[in-house]
Each structure stands twice: as structure tokens, then as C-alpha cells.
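What follows is the content of coords.txt, which has compact mmCIF, C-alpha atoms:
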```txt
# COMPACT_ATOMS: atom_id res chain seq x y z
CA MET A 840 -52.35 -44.68 14.88
CA LEU A 841 -53.63 -46.41 11.74
CA GLU A 842 -52.05 -49.67 12.90
CA ILE A 843 -53.78 -49.37 16.28
CA ALA A 844 -57.16 -48.75 14.62
CA LYS A 845 -56.64 -51.73 12.31
CA HIS A 846 -55.69 -53.93 15.27
CA GLU A 847 -58.93 -52.91 17.03
CA GLY A 848 -60.95 -54.19 14.06
CA PHE A 849 -61.74 -50.93 12.25
CA HIS A 850 -61.65 -50.71 8.46
CA VAL A 851 -58.57 -48.62 7.71
CA SER A 852 -57.48 -47.23 4.36
CA VAL A 853 -53.92 -47.68 3.21
CA LEU A 854 -51.44 -45.01 4.27
CA GLY A 855 -51.21 -43.58 0.75
CA ASP A 856 -54.96 -42.91 0.68
CA TYR A 857 -54.74 -41.19 4.05
CA HIS A 858 -51.94 -38.90 2.84
CA TYR A 859 -53.85 -38.08 -0.36
CA ARG A 860 -57.01 -37.13 1.55
CA VAL A 861 -55.13 -34.94 4.00
CA LYS A 862 -53.28 -33.24 1.12
CA LYS A 863 -56.59 -32.43 -0.61
CA LEU A 864 -58.13 -31.07 2.60
CA ASP A 865 -58.94 -27.41 1.93
CA GLU A 866 -57.38 -24.90 4.35
CA GLY A 867 -60.40 -22.65 3.79
CA LEU A 868 -62.62 -25.36 5.26
CA LEU A 869 -60.31 -25.68 8.26
CA LYS A 870 -60.51 -21.92 8.83
CA LYS A 871 -64.31 -22.11 8.71
CA ILE A 872 -64.22 -24.80 11.41
CA LEU A 873 -62.05 -22.54 13.58
CA ASP A 874 -64.36 -19.57 12.95
CA GLU A 875 -67.39 -21.60 14.03
CA SER A 876 -65.62 -22.67 17.20
CA THR A 877 -64.76 -19.06 18.10
CA LYS A 878 -68.38 -17.98 17.53
CA HIS A 879 -69.39 -20.38 20.30
CA PHE A 880 -67.37 -18.41 22.86
CA PHE A 881 -68.78 -15.07 21.71
CA ARG A 882 -72.31 -16.48 21.94
CA ALA A 883 -71.47 -17.67 25.45
CA LYS A 884 -70.45 -14.04 26.18
CA TRP A 885 -66.91 -14.73 27.33
CA ASP A 886 -65.42 -11.43 28.46
CA PHE A 887 -62.05 -11.31 26.69
CA LYS A 888 -59.60 -8.93 28.36
CA TYR A 889 -56.52 -9.05 26.12
CA LEU A 890 -55.00 -10.61 22.99
CA ILE A 891 -51.62 -12.27 22.48
CA VAL A 892 -49.86 -13.37 19.30
CA ASP A 893 -46.85 -15.66 19.08
CA GLY A 894 -45.44 -18.56 17.09
CA THR A 895 -44.25 -22.07 17.88
CA GLY A 896 -42.66 -24.88 15.91
CA PHE A 897 -43.54 -28.54 15.37
CA GLY A 898 -40.89 -30.96 14.18
CA PHE A 899 -41.47 -33.61 11.55
CA GLY A 900 -39.66 -36.02 9.26
CA SER A 901 -35.93 -36.29 8.93
CA LYS A 902 -33.13 -34.22 10.46
CA TYR A 903 -30.53 -31.99 8.88
CA THR A 904 -27.27 -30.48 10.08
CA LEU A 905 -27.01 -26.80 10.97
CA ASN A 906 -23.69 -24.96 11.36
CA TRP A 907 -23.73 -22.52 14.23
CA MET A 908 -21.27 -20.42 16.24
CA ARG A 909 -19.67 -19.31 12.93
CA GLY A 910 -19.35 -22.85 11.64
CA THR A 911 -17.21 -24.14 14.50
CA GLN A 912 -19.92 -26.52 15.67
CA VAL A 913 -22.56 -28.58 13.91
CA ARG A 914 -25.98 -29.23 15.40
CA GLU A 915 -28.58 -31.73 14.20
CA VAL A 916 -32.00 -30.11 13.77
CA SER A 917 -35.38 -31.60 12.94
CA SER A 918 -37.33 -30.27 9.99
CA HIS A 919 -40.18 -28.19 11.36
CA VAL A 920 -43.16 -26.01 10.51
CA ARG A 921 -44.24 -22.82 12.28
CA LEU A 922 -47.69 -22.10 13.68
CA VAL A 923 -48.50 -18.45 14.50
CA SER A 924 -51.62 -18.09 16.65
CA LEU A 925 -53.69 -15.13 17.78
CA VAL A 926 -55.11 -15.92 21.20
CA ALA A 927 -57.81 -14.15 23.22
CA VAL A 928 -57.78 -14.48 27.02
CA ASP A 929 -60.79 -13.82 29.27
CA GLU A 930 -61.00 -12.58 32.87
CA LYS A 931 -60.60 -16.15 34.20
CA GLY A 932 -57.41 -16.75 32.22
CA ARG A 933 -59.11 -19.05 29.69
CA ALA A 934 -57.56 -18.79 26.22
CA ILE A 935 -58.99 -19.52 22.78
CA ILE A 936 -57.44 -19.22 19.33
CA LEU A 937 -59.04 -16.56 17.10
CA GLY A 938 -56.76 -17.00 14.09
CA TRP A 939 -53.75 -18.95 12.84
CA GLU A 940 -51.31 -19.18 9.99
CA VAL A 941 -48.77 -21.88 9.18
CA GLY A 942 -45.47 -21.63 7.31
CA GLY A 943 -42.10 -23.20 6.77
CA PRO A 944 -39.25 -23.20 9.30
CA TYR A 945 -37.99 -19.73 8.37
CA ALA A 946 -41.29 -18.07 7.42
CA SER A 947 -41.66 -14.44 8.54
CA GLU A 948 -43.94 -14.40 11.57
CA VAL A 949 -44.92 -10.76 11.02
CA ASN A 950 -46.06 -11.61 7.48
CA MET A 951 -48.01 -14.54 8.88
CA LEU A 952 -49.72 -12.15 11.32
CA ARG A 953 -50.65 -9.88 8.41
CA LYS A 954 -52.37 -12.87 6.76
CA ILE A 955 -54.26 -13.56 9.99
CA PHE A 956 -55.52 -9.96 10.00
CA GLU A 957 -56.81 -10.39 6.43
CA GLY A 958 -59.24 -13.07 7.61
CA LEU A 959 -60.61 -11.06 10.56
CA GLU A 960 -63.42 -8.52 10.55
CA LYS A 961 -63.17 -7.48 14.21
CA LEU A 962 -61.35 -8.26 17.43
CA PRO A 963 -62.24 -7.98 21.12
CA ARG A 964 -61.10 -4.67 22.61
CA GLY A 965 -58.10 -4.67 24.93
CA PRO A 966 -54.29 -4.81 24.91
CA PHE A 967 -52.72 -6.58 21.91
CA ILE A 968 -49.54 -8.18 23.25
CA ALA A 969 -46.68 -9.40 21.05
CA ASP A 970 -42.90 -9.55 21.26
CA LYS A 971 -40.42 -7.52 19.19
CA GLY A 972 -40.67 -9.93 16.27
CA TYR A 973 -43.93 -8.17 15.30
CA ASP A 974 -42.76 -4.55 15.64
CA ALA A 975 -43.82 -3.31 12.18
CA VAL A 976 -45.56 0.08 12.07
CA ASP A 977 -48.31 -1.19 9.74
CA VAL A 978 -49.10 -3.96 12.26
CA ILE A 979 -49.46 -1.35 15.03
CA GLU A 980 -51.75 0.72 12.81
CA ARG A 981 -53.88 -2.31 11.96
CA VAL A 982 -54.18 -3.22 15.65
CA MET A 983 -55.41 0.31 16.40
CA LYS A 984 -57.96 0.09 13.57
CA PHE A 985 -59.39 -2.98 15.31
CA GLY A 986 -59.86 -0.78 18.38
CA CYS A 987 -57.15 -2.56 20.38
CA GLU A 988 -54.30 -1.10 22.40
CA PRO A 989 -50.95 -2.09 20.81
CA ALA A 990 -48.48 -3.54 23.33
CA ILE A 991 -45.76 -4.81 21.01
CA GLY A 992 -42.11 -4.98 22.02
CA MET A 993 -39.58 -3.05 19.95
CA LYS A 994 -36.09 -3.77 18.69
CA GLN A 995 -33.69 -1.21 20.12
CA SER A 996 -30.12 -0.76 21.30
CA TRP A 997 -27.95 2.00 22.74
CA ARG A 998 -27.20 3.03 19.15
CA MET A 999 -30.74 2.76 17.83
CA ARG A 1000 -33.51 4.44 19.81
CA ILE A 1001 -37.24 4.28 19.16
CA ARG A 1002 -38.19 7.44 17.28
CA ASN A 1003 -41.58 6.75 15.70
CA TRP A 1004 -44.33 7.85 18.12
CA LEU A 1005 -46.45 4.78 17.38
CA ARG A 1006 -43.55 2.49 18.19
CA ARG A 1007 -42.78 4.42 21.41
CA MET A 1008 -46.41 4.19 22.52
CA SER A 1009 -46.52 0.47 21.73
CA PHE A 1010 -43.28 -0.15 23.64
CA GLU A 1011 -44.60 1.69 26.71
CA ASN A 1012 -47.67 -0.56 26.65
CA TRP A 1013 -45.42 -3.60 26.18
CA GLU A 1014 -43.57 -2.70 29.38
CA ARG A 1015 -46.93 -2.57 31.15
CA TYR A 1016 -48.49 -5.78 29.80
CA ARG A 1017 -45.61 -8.08 28.81
CA LYS A 1018 -45.94 -10.27 31.93
CA ARG A 1019 -49.27 -11.53 30.55
CA ARG A 1020 -47.56 -13.03 27.52
CA TYR A 1021 -46.91 -16.25 29.46
CA ARG A 1022 -50.51 -17.30 28.79
CA ILE A 1023 -49.90 -18.12 25.13
CA GLU A 1024 -46.82 -20.12 26.12
CA GLY A 1025 -49.16 -22.11 28.35
CA VAL A 1026 -51.43 -22.79 25.36
CA PHE A 1027 -48.52 -24.05 23.25
CA GLY A 1028 -47.18 -26.09 26.16
CA SER A 1029 -50.53 -27.79 26.79
CA MET A 1030 -50.92 -28.41 23.06
CA LYS A 1031 -47.54 -30.14 22.80
CA LEU A 1032 -48.13 -32.06 26.02
CA LYS A 1033 -51.20 -33.64 24.43
CA VAL A 1034 -50.06 -34.20 20.82
CA GLY A 1035 -46.29 -33.98 21.10
CA SER A 1036 -43.82 -31.44 19.75
CA SER A 1037 -43.00 -33.52 16.68
CA PHE A 1038 -45.15 -35.30 14.09
CA THR A 1039 -44.32 -38.72 12.68
CA LEU A 1040 -44.67 -37.39 9.14
CA VAL A 1041 -42.22 -36.97 6.26
CA ARG A 1042 -43.89 -34.32 4.10
CA GLU A 1043 -44.06 -30.64 5.04
CA ASP A 1044 -47.57 -30.09 3.65
CA LEU A 1045 -48.97 -32.83 5.88
CA ALA A 1046 -47.11 -31.41 8.89
CA LYS A 1047 -48.71 -28.01 8.23
CA LYS A 1048 -52.20 -29.56 8.17
CA MET A 1049 -51.39 -31.34 11.44
CA ALA A 1050 -50.35 -28.03 13.04
CA ILE A 1051 -53.64 -26.48 11.89
CA ALA A 1052 -55.52 -29.41 13.39
CA CYS A 1053 -53.80 -28.74 16.73
CA ALA A 1054 -55.15 -25.17 16.75
CA ILE A 1055 -58.69 -26.34 15.97
CA LEU A 1056 -58.54 -29.13 18.56
CA TRP A 1057 -57.49 -26.62 21.22
CA ASN A 1058 -60.71 -24.64 20.73
CA LEU A 1059 -62.82 -27.82 20.70
CA TYR A 1060 -61.07 -28.87 23.91
CA MET A 1061 -62.02 -25.54 25.52
CA ILE A 1062 -65.66 -25.98 24.41
CA ILE A 1063 -65.77 -29.43 26.02
CA LEU A 1064 -64.26 -28.09 29.25
CA GLN A 1065 -66.82 -25.29 29.35
CA ARG A 1066 -69.74 -27.68 28.94
CA LEU A 1067 -68.38 -30.14 31.50
CA TRP A 1068 -68.04 -27.31 34.00
CA PHE A 1069 -71.65 -26.28 33.25
CA PHE A 1070 -72.89 -29.81 34.02
CA VAL A 1071 -70.86 -29.84 37.26
CA ILE A 1072 -72.54 -26.61 38.36
CA VAL A 1073 -76.00 -27.98 37.49
CA LEU A 1074 -75.31 -31.15 39.50
CA ARG A 1075 -74.13 -29.14 42.49
CA VAL A 1076 -77.22 -26.91 42.38
CA GLY A 1077 -79.44 -29.99 42.06
CA ARG A 1078 -77.91 -31.63 45.11
CA ARG A 1079 -78.34 -28.50 47.19
CA GLY A 1080 -81.96 -28.30 46.10
```

What do you get writing this file as C-alpha cells?
Amino acid sequence: MLEIAKHEGFHVSVLGDYHYRVKKLDEGLLKKILDESTKHFFRAKWDFKYLIVDGTGFGFGSKYTLNWMRGTQVREVSSHVRLVSLVAVDEKGRAIILGWEVGGPYASEVNMLRKIFEGLEKLPRGPFIADKGYDAVDVIERVMKFGCEPAIGMKQSWRMRIRNWLRRMSFENWERYRKRRYRIEGVFGSMKLKVGSSFTLVREDLAKKMAIACAILWNLYMIILQRLWFFVIVLRVGRRG
């Protein structure tokens, strides 16, 4: 990208300067940018019907070998970072990102969700949908404190049944709402279709900042779509008049 900009005649810093500036970019500032983008949708009075949380990975840098199937086979895997996003969906199926957290390839997604909760004061009311990777009791309790209906899948087997009443209630809701979870997969799919599923970066810290930028750009993209649709409606009304 820097080479393209330089070829077009723009003044471009050397790659080392670019990496240094991105490294020094404060994550707190990035979270403020995301917060401001979400406020736009609340001011526009979007009627959010449910919430979904899930994680996705972005590859970067070199590859390493991973033994699997008890070491009988070796697979080559890209280094990657994880992005956990909390998404709100309105009655028209439009999705925005309310919170995010990034981590390494094997970071605990439930711990990342706990960090997302720490930065939130309130959430839209409605079902809170998540798969069984987030089935901690304290997460269910926190969701209920936000005034949401927990619909989190639960780990279980024929030997291990769900005994805690909160977990049973959450699993019953999961059975009712789990088909809506596809919407966050659509967000991740659209994101990767536009920016790719892998970054041409070597360092993990820069890859994490890039993943954060993807979350912010998704909300900005939704703001642009909303305003374009508003202008289309105005033009249509003007022509009819």
C-alpha cells in the first residue's frame, strides 16, 4: 500500500516510521473512536433487537508447524490474532459493533468478553446470544445485570448434565435464539471479504492494531451506508414531488 501511494506521487514515510507510529497508537484512543461511532446509531434511534458475541482470527506473518491427530500428521498454520466482537442487530438485520477485544492465537475468548464488559455502562435490551465457549456463570450474571436475556450455549454430554439453574435457563434460550447467530458470521465474512483474512505484517502487535481497525471501519462503513440510503430516499421523494 505504501508503494502504491508513493507511485501515485504522495509523500510517504519509510516503513520503519509507519511501524513505529502504529505501535505507539493508543488502544484507548481507538476505543473512543469506536464509542463515538456507536453513539451515532443510538442518536439515530436504531431499534436493536438482540446481541451476539463471537470471535474470529486474522493471519499474519510467517507460518509454523502444528502436530495434530496425536502427532501423526503435521499441518502448516499461519500466525494469527483473535478479535472478539460484541455485535448489536436491529429489526432490519443491520449489525454494528458495540465492543471488541484482541488477543493472541490462544487467548481465552471468555476472558476477552469479560474485558469488553468492563468498558460498557449499558447494553440494549434483548437476547444475548453466544456459543458454548462463553458458558461461564459470571458471564450469565453480568448479562442479566445489563438487563439482557442470556442465550448462551452450554457444554454438556451424556455424563455431564446442566445442573446450575442459570446455565439451564441460558441453554433453553440458546435453543430458541441460536439460529440468529449467523448474523455475526456475516459481519466477519464481509469484513474479511473487504480487507482479507490475513495481514501482510510480521509483528503480532501491529496485527492486533490492524484487527482493531477492521472493527472500527465496519462501524464507519455502516454509517456511510445509512447516510447514502437517506440521500436516496430524499431524491426519491423529491422526484415524486

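Atom pair atom CA of A:Lys994 / atom CA of A:Val976 has a distance of 12.2 Å (rounded to one decimal).
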
Across A:Ile936, A:Asp865, A:Phe887, A:Gly900, the smallest distance to A:Leu1059, with only C-alpha atoms counted, is shown by A:Ile936

Neighbouring residues of A:Ser1029 were defined as those with any atom within 12 Å, considering only C-alpha atoms; residues of the same chain fewer than 3 positions away were excluded. Please report them as a ChimeraX atom specification.
/A:934,1022-1026,1032-1036,1053-1054,1056-1057,1060-1061

Atom CA of A:Arg1042 to atom CA of A:Gly942 measures 13.2 Å

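Distance-wise, atom CA of A:Arg981 and atom CA of A:Ala946 end up 20.7 Å apart.
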
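Taking all atoms listed in the file into account, A:Trp885 lies nearest to A:Arg933 out of the set A:His850, A:Lys971, A:Arg933, A:His919.
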
Counting all atoms listed in the file, figure out which residue out of A:Trp1013, A:Pro989, A:Arg953, A:Pro963 gets nearest to A:Lys884.
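Among the listed residues, the smallest separation from A:Lys884 belongs to A:Pro963.
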
Restricting the calculation to all atoms listed in the file, which member of A:Ser918, A:Gln995, A:Ser876, A:Ser924 is positioned closest to A:Glu940?
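Comparing A:Ser918, A:Gln995, A:Ser876, A:Ser924 against A:Glu940, the winner is A:Ser924.
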
For a cutoff of 12 Å around the file-coordinate point (-42.6, -9.0, 16.4), which residues qualify once you count only C-alpha atoms? I'd like the result as a PDB file with C-alpha atoms, keeping the file's coordinate frame.
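Written output follows (part.pdb):
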```
ATOM      1  CA  ILE A 891     -51.620 -12.270  22.480  1.00  0.00           C
ATOM      2  CA  VAL A 892     -49.860 -13.370  19.300  1.00  0.00           C
ATOM      3  CA  ASP A 893     -46.850 -15.660  19.080  1.00  0.00           C
ATOM      4  CA  GLY A 894     -45.440 -18.560  17.090  1.00  0.00           C
ATOM      5  CA  VAL A 923     -48.500 -18.450  14.500  1.00  0.00           C
ATOM      6  CA  SER A 947     -41.660 -14.440   8.540  1.00  0.00           C
ATOM      7  CA  GLU A 948     -43.940 -14.400  11.570  1.00  0.00           C
ATOM      8  CA  VAL A 949     -44.920 -10.760  11.020  1.00  0.00           C
ATOM      9  CA  ASN A 950     -46.060 -11.610   7.480  1.00  0.00           C
ATOM     10  CA  MET A 951     -48.010 -14.540   8.880  1.00  0.00           C
ATOM     11  CA  LEU A 952     -49.720 -12.150  11.320  1.00  0.00           C
ATOM     12  CA  ARG A 953     -50.650  -9.880   8.410  1.00  0.00           C
ATOM     13  CA  PHE A 967     -52.720  -6.580  21.910  1.00  0.00           C
ATOM     14  CA  ILE A 968     -49.540  -8.180  23.250  1.00  0.00           C
ATOM     15  CA  ALA A 969     -46.680  -9.400  21.050  1.00  0.00           C
ATOM     16  CA  ASP A 970     -42.900  -9.550  21.260  1.00  0.00           C
ATOM     17  CA  LYS A 971     -40.420  -7.520  19.190  1.00  0.00           C
ATOM     18  CA  GLY A 972     -40.670  -9.930  16.270  1.00  0.00           C
ATOM     19  CA  TYR A 973     -43.930  -8.170  15.300  1.00  0.00           C
ATOM     20  CA  ASP A 974     -42.760  -4.550  15.640  1.00  0.00           C
ATOM     21  CA  ALA A 975     -43.820  -3.310  12.180  1.00  0.00           C
ATOM     22  CA  VAL A 976     -45.560   0.080  12.070  1.00  0.00           C
ATOM     23  CA  ASP A 977     -48.310  -1.190   9.740  1.00  0.00           C
ATOM     24  CA  VAL A 978     -49.100  -3.960  12.260  1.00  0.00           C
ATOM     25  CA  ILE A 979     -49.460  -1.350  15.030  1.00  0.00           C
ATOM     26  CA  PRO A 989     -50.950  -2.090  20.810  1.00  0.00           C
ATOM     27  CA  ALA A 990     -48.480  -3.540  23.330  1.00  0.00           C
ATOM     28  CA  ILE A 991     -45.760  -4.810  21.010  1.00  0.00           C
ATOM     29  CA  GLY A 992     -42.110  -4.980  22.020  1.00  0.00           C
ATOM     30  CA  MET A 993     -39.580  -3.050  19.950  1.00  0.00           C
ATOM     31  CA  LYS A 994     -36.090  -3.770  18.690  1.00  0.00           C
ATOM     32  CA  ARG A1006     -43.550   2.490  18.190  1.00  0.00           C
ATOM     33  CA  SER A1009     -46.520   0.470  21.730  1.00  0.00           C
ATOM     34  CA  PHE A1010     -43.280  -0.150  23.640  1.00  0.00           C
ATOM     35  CA  TRP A1013     -45.420  -3.600  26.180  1.00  0.00           C
TER      36      TRP A1013
END
```

Considering all atoms listed in the file, state which residue in the set A:Ile935, A:Ile955, A:Ile1055, A:Val941 is at the smallest distance from A:Lys888.
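Once distances to A:Lys888 are computed over all atoms listed in the file, the minimum belongs to A:Ile935.
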
Measuring atom to atom with all atoms listed in the file, identify which of A:Lys870, A:Arg998, A:Arg921, A:His879 is nearest to A:Ala1052.
A:Lys870
